[in-house]
>>> print(open('entry_27.cif').read())   # mmCIF, N, CA, C and O atoms
data_input
#
loop_
_atom_site.label_atom_id
_atom_site.label_comp_id
_atom_site.auth_asym_id
_atom_site.auth_seq_id
_atom_site.Cartn_x
_atom_site.Cartn_y
_atom_site.Cartn_z
N MET A 1 29.23 17.94 8.07
CA MET A 1 29.54 17.38 6.78
C MET A 1 28.30 17.29 5.91
O MET A 1 27.20 17.06 6.40
N ARG A 2 28.46 17.41 4.63
CA ARG A 2 27.36 17.35 3.69
C ARG A 2 26.65 16.00 3.75
O ARG A 2 25.43 15.91 3.64
N ALA A 3 27.36 14.91 3.94
CA ALA A 3 26.77 13.57 3.93
C ALA A 3 25.93 13.30 5.18
O ALA A 3 25.18 12.34 5.22
N ASP A 4 26.04 14.16 6.19
CA ASP A 4 25.33 13.93 7.43
C ASP A 4 23.93 14.53 7.47
O ASP A 4 23.22 14.36 8.46
N SER A 5 23.52 15.25 6.45
CA SER A 5 22.23 15.91 6.52
C SER A 5 21.58 15.99 5.15
O SER A 5 22.21 15.83 4.12
N ASP A 6 20.29 16.22 5.18
CA ASP A 6 19.52 16.51 3.98
C ASP A 6 18.34 17.37 4.39
O ASP A 6 18.18 17.71 5.55
N VAL A 7 17.54 17.74 3.43
CA VAL A 7 16.34 18.53 3.68
C VAL A 7 15.15 17.60 3.48
O VAL A 7 15.08 16.90 2.47
N ASP A 8 14.23 17.58 4.43
CA ASP A 8 13.01 16.77 4.30
C ASP A 8 11.83 17.70 4.06
O ASP A 8 11.60 18.63 4.83
N ILE A 9 11.10 17.43 2.97
CA ILE A 9 9.97 18.26 2.58
C ILE A 9 8.74 17.39 2.44
O ILE A 9 8.79 16.34 1.79
N VAL A 10 7.62 17.80 3.03
CA VAL A 10 6.36 17.08 2.89
C VAL A 10 5.45 17.91 2.01
O VAL A 10 5.23 19.09 2.26
N VAL A 11 4.90 17.28 0.97
CA VAL A 11 3.89 17.91 0.13
C VAL A 11 2.59 17.22 0.48
O VAL A 11 2.37 16.06 0.17
N GLN A 12 1.72 17.96 1.19
CA GLN A 12 0.52 17.35 1.77
C GLN A 12 -0.74 17.79 1.03
O GLN A 12 -0.99 18.97 0.86
N CYS A 13 -1.52 16.79 0.61
CA CYS A 13 -2.80 17.04 -0.06
C CYS A 13 -3.90 17.03 1.01
O CYS A 13 -4.07 16.04 1.72
N HIS A 14 -4.63 18.13 1.11
CA HIS A 14 -5.70 18.24 2.11
C HIS A 14 -7.08 17.92 1.54
O HIS A 14 -8.07 18.05 2.23
N GLU A 15 -7.16 17.53 0.27
CA GLU A 15 -8.45 17.30 -0.37
C GLU A 15 -9.10 15.98 0.03
O GLU A 15 -10.28 15.78 -0.22
N CYS A 16 -8.34 15.06 0.58
CA CYS A 16 -8.93 13.84 1.12
C CYS A 16 -8.14 13.42 2.34
O CYS A 16 -7.07 13.95 2.60
N GLN A 17 -8.68 12.48 3.08
CA GLN A 17 -8.10 12.13 4.36
C GLN A 17 -8.19 10.63 4.59
O GLN A 17 -9.19 10.01 4.25
N TYR A 18 -7.13 10.06 5.11
CA TYR A 18 -7.12 8.66 5.50
C TYR A 18 -7.33 8.59 7.00
O TYR A 18 -6.94 9.49 7.73
N TRP A 19 -7.95 7.52 7.47
CA TRP A 19 -8.24 7.43 8.89
C TRP A 19 -8.27 5.98 9.36
O TRP A 19 -8.46 5.06 8.58
N ASP A 20 -8.05 5.83 10.65
CA ASP A 20 -8.19 4.56 11.36
C ASP A 20 -9.11 4.82 12.54
O ASP A 20 -9.29 5.96 12.96
N GLU A 21 -9.65 3.76 13.11
CA GLU A 21 -10.51 3.92 14.27
C GLU A 21 -10.10 2.94 15.36
O GLU A 21 -9.58 1.86 15.08
N ALA A 22 -10.29 3.35 16.59
CA ALA A 22 -9.92 2.51 17.73
C ALA A 22 -10.77 1.24 17.77
O ALA A 22 -10.28 0.17 18.08
N GLU A 23 -12.05 1.37 17.44
CA GLU A 23 -12.95 0.22 17.40
C GLU A 23 -13.52 0.11 16.00
O GLU A 23 -14.09 1.06 15.47
N ARG A 24 -13.37 -1.06 15.38
CA ARG A 24 -13.90 -1.26 14.02
C ARG A 24 -15.40 -0.99 13.99
O ARG A 24 -16.13 -1.40 14.87
N GLY A 25 -15.83 -0.27 12.96
CA GLY A 25 -17.24 0.02 12.77
C GLY A 25 -17.73 1.24 13.52
O GLY A 25 -18.91 1.56 13.47
N ALA A 26 -16.85 1.94 14.21
CA ALA A 26 -17.26 3.12 14.97
C ALA A 26 -17.61 4.29 14.05
O ALA A 26 -18.27 5.22 14.47
N ARG A 27 -17.20 4.22 12.81
CA ARG A 27 -17.44 5.31 11.86
C ARG A 27 -18.04 4.73 10.59
O ARG A 27 -17.59 3.73 10.08
N ASN A 28 -19.05 5.39 10.06
CA ASN A 28 -19.69 4.96 8.82
C ASN A 28 -18.81 5.36 7.64
O ASN A 28 -18.81 6.50 7.22
N CYS A 29 -18.05 4.41 7.11
CA CYS A 29 -17.07 4.75 6.07
C CYS A 29 -17.73 5.03 4.72
O CYS A 29 -17.13 5.68 3.89
N THR A 30 -18.94 4.56 4.45
CA THR A 30 -19.56 4.85 3.15
C THR A 30 -19.90 6.33 3.02
O THR A 30 -19.93 6.86 1.92
N ALA A 31 -20.12 7.01 4.13
CA ALA A 31 -20.41 8.44 4.08
C ALA A 31 -19.14 9.25 3.81
O ALA A 31 -19.22 10.42 3.48
N TRP A 32 -17.97 8.64 3.94
CA TRP A 32 -16.72 9.35 3.81
C TRP A 32 -15.90 8.89 2.61
O TRP A 32 -14.71 9.09 2.55
N THR A 33 -16.52 8.25 1.64
CA THR A 33 -15.80 7.77 0.47
C THR A 33 -15.32 8.95 -0.38
O THR A 33 -16.10 9.81 -0.76
N HIS A 34 -14.03 8.96 -0.68
CA HIS A 34 -13.43 10.05 -1.47
C HIS A 34 -13.84 9.92 -2.93
O HIS A 34 -13.69 8.87 -3.53
N GLN A 35 -14.33 11.01 -3.50
CA GLN A 35 -14.77 11.03 -4.89
C GLN A 35 -13.88 11.90 -5.78
O GLN A 35 -14.16 12.09 -6.94
N GLY A 36 -12.82 12.45 -5.24
CA GLY A 36 -11.97 13.37 -5.99
C GLY A 36 -10.94 12.67 -6.86
O GLY A 36 -10.88 11.44 -6.93
N ILE A 37 -10.09 13.46 -7.47
CA ILE A 37 -9.10 12.94 -8.41
C ILE A 37 -7.83 12.45 -7.73
O ILE A 37 -7.06 11.72 -8.32
N TRP A 38 -7.58 12.89 -6.50
CA TRP A 38 -6.30 12.62 -5.87
C TRP A 38 -6.24 11.24 -5.21
O TRP A 38 -7.00 10.94 -4.30
N THR A 39 -5.34 10.45 -5.71
CA THR A 39 -5.00 9.15 -5.13
C THR A 39 -3.52 9.21 -4.79
O THR A 39 -2.81 10.09 -5.30
N PRO A 40 -3.02 8.30 -3.97
CA PRO A 40 -1.58 8.31 -3.71
C PRO A 40 -0.74 8.22 -4.99
O PRO A 40 0.26 8.94 -5.14
N ALA A 41 -1.15 7.39 -5.93
CA ALA A 41 -0.38 7.24 -7.18
C ALA A 41 -0.41 8.53 -8.01
O ALA A 41 0.61 8.94 -8.57
N LYS A 42 -1.58 9.18 -8.09
CA LYS A 42 -1.68 10.41 -8.87
C LYS A 42 -0.88 11.54 -8.23
O LYS A 42 -0.17 12.27 -8.92
N LEU A 43 -0.98 11.69 -6.92
CA LEU A 43 -0.22 12.73 -6.24
C LEU A 43 1.28 12.53 -6.46
O LEU A 43 2.00 13.46 -6.79
N ARG A 44 1.74 11.30 -6.32
CA ARG A 44 3.16 11.01 -6.51
C ARG A 44 3.60 11.29 -7.95
O ARG A 44 4.63 11.92 -8.19
N SER A 45 2.81 10.85 -8.93
CA SER A 45 3.21 11.06 -10.33
C SER A 45 3.23 12.54 -10.71
O SER A 45 4.12 12.99 -11.43
N GLU A 46 2.27 13.30 -10.21
CA GLU A 46 2.25 14.75 -10.50
C GLU A 46 3.43 15.45 -9.83
O GLU A 46 4.04 16.34 -10.41
N LEU A 47 3.75 15.03 -8.62
CA LEU A 47 4.88 15.62 -7.91
C LEU A 47 6.20 15.28 -8.59
O LEU A 47 7.06 16.15 -8.77
N VAL A 48 6.36 14.03 -9.01
CA VAL A 48 7.58 13.62 -9.72
C VAL A 48 7.72 14.42 -11.01
O VAL A 48 8.81 14.92 -11.33
N ALA A 49 6.65 14.58 -11.76
CA ALA A 49 6.69 15.33 -13.02
C ALA A 49 7.11 16.78 -12.78
O ALA A 49 7.93 17.34 -13.52
N ALA A 50 6.55 17.40 -11.74
CA ALA A 50 6.88 18.80 -11.44
C ALA A 50 8.35 18.93 -11.02
O ALA A 50 9.05 19.85 -11.45
N LEU A 51 8.81 18.00 -10.19
CA LEU A 51 10.21 18.05 -9.75
C LEU A 51 11.17 17.80 -10.91
O LEU A 51 12.21 18.46 -11.02
N GLN A 52 10.83 16.85 -11.80
CA GLN A 52 11.69 16.57 -12.95
C GLN A 52 11.76 17.76 -13.90
O GLN A 52 12.80 18.03 -14.49
N ALA A 53 10.66 18.48 -14.04
CA ALA A 53 10.65 19.66 -14.91
C ALA A 53 11.54 20.78 -14.34
O ALA A 53 12.20 21.49 -15.08
N LYS A 54 11.57 20.89 -13.03
CA LYS A 54 12.36 21.95 -12.38
C LYS A 54 13.82 21.55 -12.19
O LYS A 54 14.72 22.37 -12.37
N PHE A 55 14.06 20.30 -11.82
CA PHE A 55 15.41 19.83 -11.49
C PHE A 55 15.83 18.73 -12.47
O PHE A 55 15.88 17.55 -12.11
N LEU A 56 16.12 19.11 -13.70
CA LEU A 56 16.45 18.16 -14.76
C LEU A 56 17.61 17.24 -14.36
O LEU A 56 18.67 17.71 -13.95
N GLY A 57 17.38 15.94 -14.46
CA GLY A 57 18.42 14.96 -14.20
C GLY A 57 18.82 14.79 -12.75
O GLY A 57 19.80 14.11 -12.45
N GLN A 58 18.09 15.40 -11.83
CA GLN A 58 18.46 15.34 -10.42
C GLN A 58 17.44 14.59 -9.57
O GLN A 58 17.61 14.49 -8.36
N VAL A 59 16.38 14.07 -10.17
CA VAL A 59 15.28 13.46 -9.41
C VAL A 59 15.37 11.95 -9.45
O VAL A 59 15.45 11.34 -10.52
N ASP A 60 15.36 11.33 -8.27
CA ASP A 60 15.36 9.88 -8.14
C ASP A 60 14.04 9.47 -7.48
O ASP A 60 13.85 9.66 -6.29
N ALA A 61 13.13 8.92 -8.27
CA ALA A 61 11.81 8.51 -7.78
C ALA A 61 11.71 7.00 -7.65
O ALA A 61 10.62 6.45 -7.63
N SER A 62 12.84 6.31 -7.54
CA SER A 62 12.84 4.85 -7.50
C SER A 62 12.43 4.28 -6.15
O SER A 62 12.07 3.11 -6.05
N GLY A 63 12.47 5.09 -5.09
CA GLY A 63 12.09 4.61 -3.77
C GLY A 63 10.58 4.47 -3.62
O GLY A 63 9.81 4.96 -4.44
N SER A 64 10.17 3.80 -2.57
CA SER A 64 8.73 3.58 -2.36
C SER A 64 8.06 4.73 -1.64
O SER A 64 6.83 4.85 -1.69
N THR A 65 8.81 5.59 -0.97
CA THR A 65 8.20 6.69 -0.22
C THR A 65 8.73 8.04 -0.68
O THR A 65 8.02 8.79 -1.33
N ALA A 66 9.97 8.34 -0.34
CA ALA A 66 10.53 9.66 -0.65
C ALA A 66 11.00 9.75 -2.10
O ALA A 66 11.46 8.78 -2.69
N ILE A 67 10.88 10.95 -2.64
CA ILE A 67 11.44 11.29 -3.94
C ILE A 67 12.67 12.12 -3.63
O ILE A 67 12.58 13.14 -2.93
N VAL A 68 13.82 11.69 -4.11
CA VAL A 68 15.07 12.36 -3.76
C VAL A 68 15.46 13.33 -4.88
O VAL A 68 15.50 12.95 -6.05
N VAL A 69 15.75 14.56 -4.49
CA VAL A 69 16.27 15.55 -5.42
C VAL A 69 17.75 15.70 -5.07
O VAL A 69 18.10 16.20 -4.00
N ARG A 70 18.61 15.23 -5.96
CA ARG A 70 20.06 15.26 -5.74
C ARG A 70 20.59 16.66 -6.00
O ARG A 70 20.17 17.33 -6.94
N SER A 71 21.52 17.06 -5.19
CA SER A 71 22.13 18.36 -5.34
C SER A 71 23.15 18.34 -6.48
O SER A 71 23.89 17.38 -6.63
N SER A 72 23.15 19.38 -7.27
CA SER A 72 24.13 19.48 -8.35
C SER A 72 25.29 20.38 -7.96
O SER A 72 26.17 20.64 -8.76
N SER A 73 25.27 20.85 -6.72
CA SER A 73 26.34 21.74 -6.25
C SER A 73 26.69 21.33 -4.82
O SER A 73 26.45 20.21 -4.41
N ALA A 74 27.20 22.26 -4.06
CA ALA A 74 27.59 21.98 -2.67
C ALA A 74 26.39 21.93 -1.74
O ALA A 74 26.52 21.60 -0.58
N ARG A 75 25.21 22.27 -2.26
CA ARG A 75 24.01 22.21 -1.42
C ARG A 75 23.66 20.77 -1.09
O ARG A 75 24.10 19.84 -1.74
N ILE A 76 22.81 20.57 -0.11
CA ILE A 76 22.44 19.23 0.33
C ILE A 76 21.25 18.69 -0.47
O ILE A 76 20.50 19.45 -1.06
N ASP A 77 21.10 17.36 -0.48
CA ASP A 77 19.98 16.72 -1.16
C ASP A 77 18.68 16.98 -0.41
O ASP A 77 18.68 17.34 0.76
N ALA A 78 17.56 16.75 -1.09
CA ALA A 78 16.25 16.92 -0.47
C ALA A 78 15.43 15.65 -0.66
O ALA A 78 15.43 15.07 -1.75
N ASP A 79 14.76 15.22 0.40
CA ASP A 79 13.80 14.12 0.33
C ASP A 79 12.41 14.74 0.33
O ASP A 79 12.05 15.46 1.26
N VAL A 80 11.63 14.47 -0.73
CA VAL A 80 10.29 15.03 -0.86
C VAL A 80 9.30 13.88 -0.69
O VAL A 80 9.38 12.88 -1.41
N VAL A 81 8.36 14.03 0.25
CA VAL A 81 7.42 12.96 0.56
C VAL A 81 6.00 13.44 0.29
O VAL A 81 5.51 14.37 0.94
N PRO A 82 5.29 12.81 -0.67
CA PRO A 82 3.89 13.13 -0.89
C PRO A 82 3.06 12.52 0.24
O PRO A 82 3.31 11.39 0.65
N SER A 83 2.07 13.26 0.74
CA SER A 83 1.26 12.74 1.85
C SER A 83 -0.16 13.30 1.81
O SER A 83 -0.45 14.27 1.13
N PHE A 84 -1.01 12.64 2.58
CA PHE A 84 -2.40 13.05 2.74
C PHE A 84 -2.67 13.28 4.22
O PHE A 84 -1.90 12.83 5.08
N ASP A 85 -3.77 13.94 4.54
CA ASP A 85 -4.18 14.08 5.93
C ASP A 85 -4.49 12.70 6.50
O ASP A 85 -4.99 11.82 5.78
N TYR A 86 -4.23 12.52 7.77
CA TYR A 86 -4.50 11.25 8.45
C TYR A 86 -5.09 11.56 9.82
O TYR A 86 -4.60 12.44 10.53
N ARG A 87 -6.14 10.87 10.16
CA ARG A 87 -6.79 11.04 11.47
C ARG A 87 -6.96 9.70 12.12
O ARG A 87 -7.21 8.70 11.47
N TYR A 88 -6.86 9.67 13.44
CA TYR A 88 -7.12 8.45 14.20
C TYR A 88 -8.29 8.70 15.11
O TYR A 88 -8.38 9.71 15.75
#
>>> encode(input="entry_27.cif", output="structure tokens")
Amino acid sequence: MRADSDVDIVVQCHECQYWDEAERGARNCTAWTHQGIWTPAKLRSELVAALQAKFLGQVDASGSTAIVVRSSSARIDADVVPSFDYRY
């Protein structure tokens, strides 16, 4: 059934990376401070704008994580998730 499935898409930015450490202080975080333009808010806003331009009236960005692209036909919906690299 159409209601039982969707498409999950991850749009991953490799220009910066988030990380955790097993022991606090094991890594010098000042040497790894990101200086680029990409923040979670900027990546999400750029992705929403691009999806809205392509899929007029079908984009629901009201959620906190996934951006939903609603199907206008018999095709299934898509959940688009902006993400960054993560290391532990």
>>> resolve_selection(input="entry_27.cif", expression="the PyMOL selection byres ((chain A and resi 87) around 4.5)", output="PDB file with N, CA, C and O atoms, in the frame of the given file")
ATOM      1  N   TYR A  18      -7.130  10.060   5.110  1.00  0.00           N
ATOM      2  CA  TYR A  18      -7.120   8.660   5.500  1.00  0.00           C
ATOM      3  C   TYR A  18      -7.330   8.590   7.000  1.00  0.00           C
ATOM      4  O   TYR A  18      -6.940   9.490   7.730  1.00  0.00           O
ATOM      5  N   TRP A  19      -7.950   7.520   7.470  1.00  0.00           N
ATOM      6  CA  TRP A  19      -8.240   7.430   8.890  1.00  0.00           C
ATOM      7  C   TRP A  19      -8.270   5.980   9.360  1.00  0.00           C
ATOM      8  O   TRP A  19      -8.460   5.060   8.580  1.00  0.00           O
ATOM      9  N   ASP A  20      -8.050   5.830  10.650  1.00  0.00           N
ATOM     10  CA  ASP A  20      -8.190   4.560  11.360  1.00  0.00           C
ATOM     11  C   ASP A  20      -9.110   4.820  12.540  1.00  0.00           C
ATOM     12  O   ASP A  20      -9.290   5.960  12.960  1.00  0.00           O
ATOM     13  N   ASP A  85      -3.770  13.940   4.540  1.00  0.00           N
ATOM     14  CA  ASP A  85      -4.180  14.080   5.930  1.00  0.00           C
ATOM     15  C   ASP A  85      -4.490  12.700   6.500  1.00  0.00           C
ATOM     16  O   ASP A  85      -4.990  11.820   5.780  1.00  0.00           O
ATOM     17  N   TYR A  86      -4.230  12.520   7.770  1.00  0.00           N
ATOM     18  CA  TYR A  86      -4.500  11.250   8.450  1.00  0.00           C
ATOM     19  C   TYR A  86      -5.090  11.560   9.820  1.00  0.00           C
ATOM     20  O   TYR A  86      -4.600  12.440  10.530  1.00  0.00           O
ATOM     21  N   TYR A  88      -6.860   9.670  13.440  1.00  0.00           N
ATOM     22  CA  TYR A  88      -7.120   8.450  14.200  1.00  0.00           C
ATOM     23  C   TYR A  88      -8.290   8.700  15.110  1.00  0.00           C
ATOM     24  O   TYR A  88      -8.380   9.710  15.750  1.00  0.00           O
TER      25      TYR A  88
END
>>> atom_distance(input="entry_27.cif", atom1="atom CA of A:Ala66", atom2="atom N of A:Val81")
5.0 Å
>>> closest_residue(input="entry_27.cif", among="A:Asp77, A:Trp38, A:Leu43, A:Lys54", to="A:Val11", atoms="only N, CA, C and O atoms")
A:Leu43
>>> atom_distance(input="entry_27.cif", atom1="atom CA of A:Ile67", atom2="atom CA of A:Gln12")
13.7 Å
>>> resolve_selection(input="entry_27.cif", expression="the PyMOL selection byres ((chain A and resi 15) around 8)", output="JSON, numbers by chain")
{"A": [12, 13, 14, 16, 17, 34, 35, 36, 37, 38, 83, 84, 85]}
>>> resolve_selection(input="entry_27.cif", expression="the PyMOL selection byres ((chain A and resi 59-65) around 8)", output="PyMOL selection string")
chain A and resi 44+48+51-52+55-58+66-71+78-83
>>> select_by_dssp(input="entry_27.cif", residues="stretch 41-88 of chain A", states="helix (DSSP H, G or I)", output="PyMOL selection string")
chain A and resi 41-54
>>> axis_aligned_box(input="entry_27.cif", around="stretch 55-69 of chain A", padding_each_side="6 Å", output="AutoDock Vina command-line options")
--center_x 13.3 --center_y 11.7 --center_z -7.5 --size_x 25.0 --size_y 29.2 --size_z 26.5
>>> atom_distance(input="entry_27.cif", atom1="atom CA of A:Ile9", atom2="atom CA of A:Arg75")
15.1 Å
>>> select_by_dssp(input="entry_27.cif", residues="stretch 6-63 of chain A", states="strand (DSSP E)", output="list of chain:residue names")
A:Val7, A:Asp8, A:Ile9, A:Val10, A:Val11, A:Gln12, A:Cys13, A:His14, A:Glu15, A:Cys16, A:Gln17, A:Tyr18, A:Trp19, A:Val59, A:Asp60
>>> write_last_selection(input="entry_27.cif", atoms="N, CA, C and O atoms", output="PDB file, in the coordinates of the input")
ATOM      1  N   VAL A   7      17.540  17.740   3.430  1.00  0.00           N
ATOM      2  CA  VAL A   7      16.340  18.530   3.680  1.00  0.00           C
ATOM      3  C   VAL A   7      15.150  17.600   3.480  1.00  0.00           C
ATOM      4  O   VAL A   7      15.080  16.900   2.470  1.00  0.00           O
ATOM      5  N   ASP A   8      14.230  17.580   4.430  1.00  0.00           N
ATOM      6  CA  ASP A   8      13.010  16.770   4.300  1.00  0.00           C
ATOM      7  C   ASP A   8      11.830  17.700   4.060  1.00  0.00           C
ATOM      8  O   ASP A   8      11.600  18.630   4.830  1.00  0.00           O
ATOM      9  N   ILE A   9      11.100  17.430   2.970  1.00  0.00           N
ATOM     10  CA  ILE A   9       9.970  18.260   2.580  1.00  0.00           C
ATOM     11  C   ILE A   9       8.740  17.390   2.440  1.00  0.00           C
ATOM     12  O   ILE A   9       8.790  16.340   1.790  1.00  0.00           O
ATOM     13  N   VAL A  10       7.620  17.800   3.030  1.00  0.00           N
ATOM     14  CA  VAL A  10       6.360  17.080   2.890  1.00  0.00           C
ATOM     15  C   VAL A  10       5.450  17.910   2.010  1.00  0.00           C
ATOM     16  O   VAL A  10       5.230  19.090   2.260  1.00  0.00           O
ATOM     17  N   VAL A  11       4.900  17.280   0.970  1.00  0.00           N
ATOM     18  CA  VAL A  11       3.890  17.910   0.130  1.00  0.00           C
ATOM     19  C   VAL A  11       2.590  17.220   0.480  1.00  0.00           C
ATOM     20  O   VAL A  11       2.370  16.060   0.170  1.00  0.00           O
ATOM     21  N   GLN A  12       1.720  17.960   1.190  1.00  0.00           N
ATOM     22  CA  GLN A  12       0.520  17.350   1.770  1.00  0.00           C
ATOM     23  C   GLN A  12      -0.740  17.790   1.030  1.00  0.00           C
ATOM     24  O   GLN A  12      -0.990  18.970   0.860  1.00  0.00           O
ATOM     25  N   CYS A  13      -1.520  16.790   0.610  1.00  0.00           N
ATOM     26  CA  CYS A  13      -2.800  17.040  -0.060  1.00  0.00           C
ATOM     27  C   CYS A  13      -3.900  17.030   1.010  1.00  0.00           C
ATOM     28  O   CYS A  13      -4.070  16.040   1.720  1.00  0.00           O
ATOM     29  N   HIS A  14      -4.630  18.130   1.110  1.00  0.00           N
ATOM     30  CA  HIS A  14      -5.700  18.240   2.110  1.00  0.00           C
ATOM     31  C   HIS A  14      -7.080  17.920   1.540  1.00  0.00           C
ATOM     32  O   HIS A  14      -8.070  18.050   2.230  1.00  0.00           O
ATOM     33  N   GLU A  15      -7.160  17.530   0.270  1.00  0.00           N
ATOM     34  CA  GLU A  15      -8.450  17.300  -0.370  1.00  0.00           C
ATOM     35  C   GLU A  15      -9.100  15.980   0.030  1.00  0.00           C
ATOM     36  O   GLU A  15     -10.280  15.780  -0.220  1.00  0.00           O
ATOM     37  N   CYS A  16      -8.340  15.060   0.580  1.00  0.00           N
ATOM     38  CA  CYS A  16      -8.930  13.840   1.120  1.00  0.00           C
ATOM     39  C   CYS A  16      -8.140  13.420   2.340  1.00  0.00           C
ATOM     40  O   CYS A  16      -7.070  13.950   2.600  1.00  0.00           O
ATOM     41  N   GLN A  17      -8.680  12.480   3.080  1.00  0.00           N
ATOM     42  CA  GLN A  17      -8.100  12.130   4.360  1.00  0.00           C
ATOM     43  C   GLN A  17      -8.190  10.630   4.590  1.00  0.00           C
ATOM     44  O   GLN A  17      -9.190  10.010   4.250  1.00  0.00           O
ATOM     45  N   TYR A  18      -7.130  10.060   5.110  1.00  0.00           N
ATOM     46  CA  TYR A  18      -7.120   8.660   5.500  1.00  0.00           C
ATOM     47  C   TYR A  18      -7.330   8.590   7.000  1.00  0.00           C
ATOM     48  O   TYR A  18      -6.940   9.490   7.730  1.00  0.00           O
ATOM     49  N   TRP A  19      -7.950   7.520   7.470  1.00  0.00           N
ATOM     50  CA  TRP A  19      -8.240   7.430   8.890  1.00  0.00           C
ATOM     51  C   TRP A  19      -8.270   5.980   9.360  1.00  0.00           C
ATOM     52  O   TRP A  19      -8.460   5.060   8.580  1.00  0.00           O
ATOM     53  N   VAL A  59      16.380  14.070 -10.170  1.00  0.00           N
ATOM     54  CA  VAL A  59      15.280  13.460  -9.410  1.00  0.00           C
ATOM     55  C   VAL A  59      15.370  11.950  -9.450  1.00  0.00           C
ATOM     56  O   VAL A  59      15.450  11.340 -10.520  1.00  0.00           O
ATOM     57  N   ASP A  60      15.360  11.330  -8.270  1.00  0.00           N
ATOM     58  CA  ASP A  60      15.360   9.880  -8.140  1.00  0.00           C
ATOM     59  C   ASP A  60      14.040   9.470  -7.480  1.00  0.00           C
ATOM     60  O   ASP A  60      13.850   9.660  -6.290  1.00  0.00           O
TER      61      ASP A  60
END
>>> decode(input="entry_27.cif", residues="stretch 54-73 of chain A", atoms="N, CA and C atoms", output="PDB file, in the first residue's frame")
ATOM      1  N   LYS A  54      11.827  23.246  -6.907  1.00  0.00           N
ATOM      2  CA  LYS A  54      11.601  22.093  -7.791  1.00  0.00           C
ATOM      3  C   LYS A  54      10.201  21.502  -7.636  1.00  0.00           C
ATOM      4  N   PHE A  55       9.718  21.419  -6.396  1.00  0.00           N
ATOM      5  CA  PHE A  55       8.441  20.764  -6.110  1.00  0.00           C
ATOM      6  C   PHE A  55       7.461  21.778  -5.528  1.00  0.00           C
ATOM      7  N   LEU A  56       6.952  22.665  -6.366  1.00  0.00           N
ATOM      8  CA  LEU A  56       6.068  23.747  -5.938  1.00  0.00           C
ATOM      9  C   LEU A  56       4.854  23.219  -5.171  1.00  0.00           C
ATOM     10  N   GLY A  57       4.644  23.746  -3.973  1.00  0.00           N
ATOM     11  CA  GLY A  57       3.480  23.399  -3.178  1.00  0.00           C
ATOM     12  C   GLY A  57       3.476  22.007  -2.579  1.00  0.00           C
ATOM     13  N   GLN A  58       4.587  21.289  -2.676  1.00  0.00           N
ATOM     14  CA  GLN A  58       4.629  19.920  -2.185  1.00  0.00           C
ATOM     15  C   GLN A  58       5.580  19.736  -1.000  1.00  0.00           C
ATOM     16  N   VAL A  59       6.224  20.802  -0.545  1.00  0.00           N
ATOM     17  CA  VAL A  59       7.259  20.687   0.487  1.00  0.00           C
ATOM     18  C   VAL A  59       6.713  21.101   1.846  1.00  0.00           C
ATOM     19  N   ASP A  60       6.878  20.221   2.833  1.00  0.00           N
ATOM     20  CA  ASP A  60       6.486  20.503   4.209  1.00  0.00           C
ATOM     21  C   ASP A  60       7.750  20.507   5.064  1.00  0.00           C
ATOM     22  N   ALA A  61       8.196  21.697   5.455  1.00  0.00           N
ATOM     23  CA  ALA A  61       9.412  21.849   6.248  1.00  0.00           C
ATOM     24  C   ALA A  61       9.093  22.180   7.700  1.00  0.00           C
ATOM     25  N   SER A  62       7.888  21.858   8.159  1.00  0.00           N
ATOM     26  CA  SER A  62       7.471  22.221   9.511  1.00  0.00           C
ATOM     27  C   SER A  62       8.054  21.319  10.593  1.00  0.00           C
ATOM     28  N   GLY A  63       8.564  20.146  10.219  1.00  0.00           N
ATOM     29  CA  GLY A  63       9.142  19.236  11.199  1.00  0.00           C
ATOM     30  C   GLY A  63      10.515  19.694  11.667  1.00  0.00           C
ATOM     31  N   SER A  64      10.994  19.088  12.732  1.00  0.00           N
ATOM     32  CA  SER A  64      12.293  19.486  13.273  1.00  0.00           C
ATOM     33  C   SER A  64      13.458  18.780  12.602  1.00  0.00           C
ATOM     34  N   THR A  65      13.212  17.676  11.913  1.00  0.00           N
ATOM     35  CA  THR A  65      14.308  16.925  11.289  1.00  0.00           C
ATOM     36  C   THR A  65      14.093  16.774   9.791  1.00  0.00           C
ATOM     37  N   ALA A  66      13.152  15.943   9.398  1.00  0.00           N
ATOM     38  CA  ALA A  66      12.945  15.657   7.975  1.00  0.00           C
ATOM     39  C   ALA A  66      12.134  16.747   7.291  1.00  0.00           C
ATOM     40  N   ILE A  67      12.439  16.950   6.025  1.00  0.00           N
ATOM     41  CA  ILE A  67      11.671  17.813   5.141  1.00  0.00           C
ATOM     42  C   ILE A  67      10.874  16.859   4.264  1.00  0.00           C
ATOM     43  N   VAL A  68       9.567  16.980   4.269  1.00  0.00           N
ATOM     44  CA  VAL A  68       8.722  16.036   3.544  1.00  0.00           C
ATOM     45  C   VAL A  68       8.337  16.622   2.195  1.00  0.00           C
ATOM     46  N   VAL A  69       8.550  15.842   1.152  1.00  0.00           N
ATOM     47  CA  VAL A  69       8.101  16.208  -0.188  1.00  0.00           C
ATOM     48  C   VAL A  69       6.901  15.316  -0.480  1.00  0.00           C
ATOM     49  N   ARG A  70       5.724  15.921  -0.522  1.00  0.00           N
ATOM     50  CA  ARG A  70       4.475  15.192  -0.745  1.00  0.00           C
ATOM     51  C   ARG A  70       4.337  14.843  -2.222  1.00  0.00           C
ATOM     52  N   SER A  71       3.834  13.675  -2.465  1.00  0.00           N
ATOM     53  CA  SER A  71       3.617  13.227  -3.828  1.00  0.00           C
ATOM     54  C   SER A  71       2.363  13.881  -4.403  1.00  0.00           C
ATOM     55  N   SER A  72       2.444  14.301  -5.641  1.00  0.00           N
ATOM     56  CA  SER A  72       1.272  14.882  -6.299  1.00  0.00           C
ATOM     57  C   SER A  72       0.593  13.860  -7.206  1.00  0.00           C
ATOM     58  N   SER A  73       1.106  12.642  -7.186  1.00  0.00           N
ATOM     59  CA  SER A  73       0.526  11.590  -8.031  1.00  0.00           C
ATOM     60  C   SER A  73       0.488  10.295  -7.217  1.00  0.00           C
TER      61      SER A  73
END
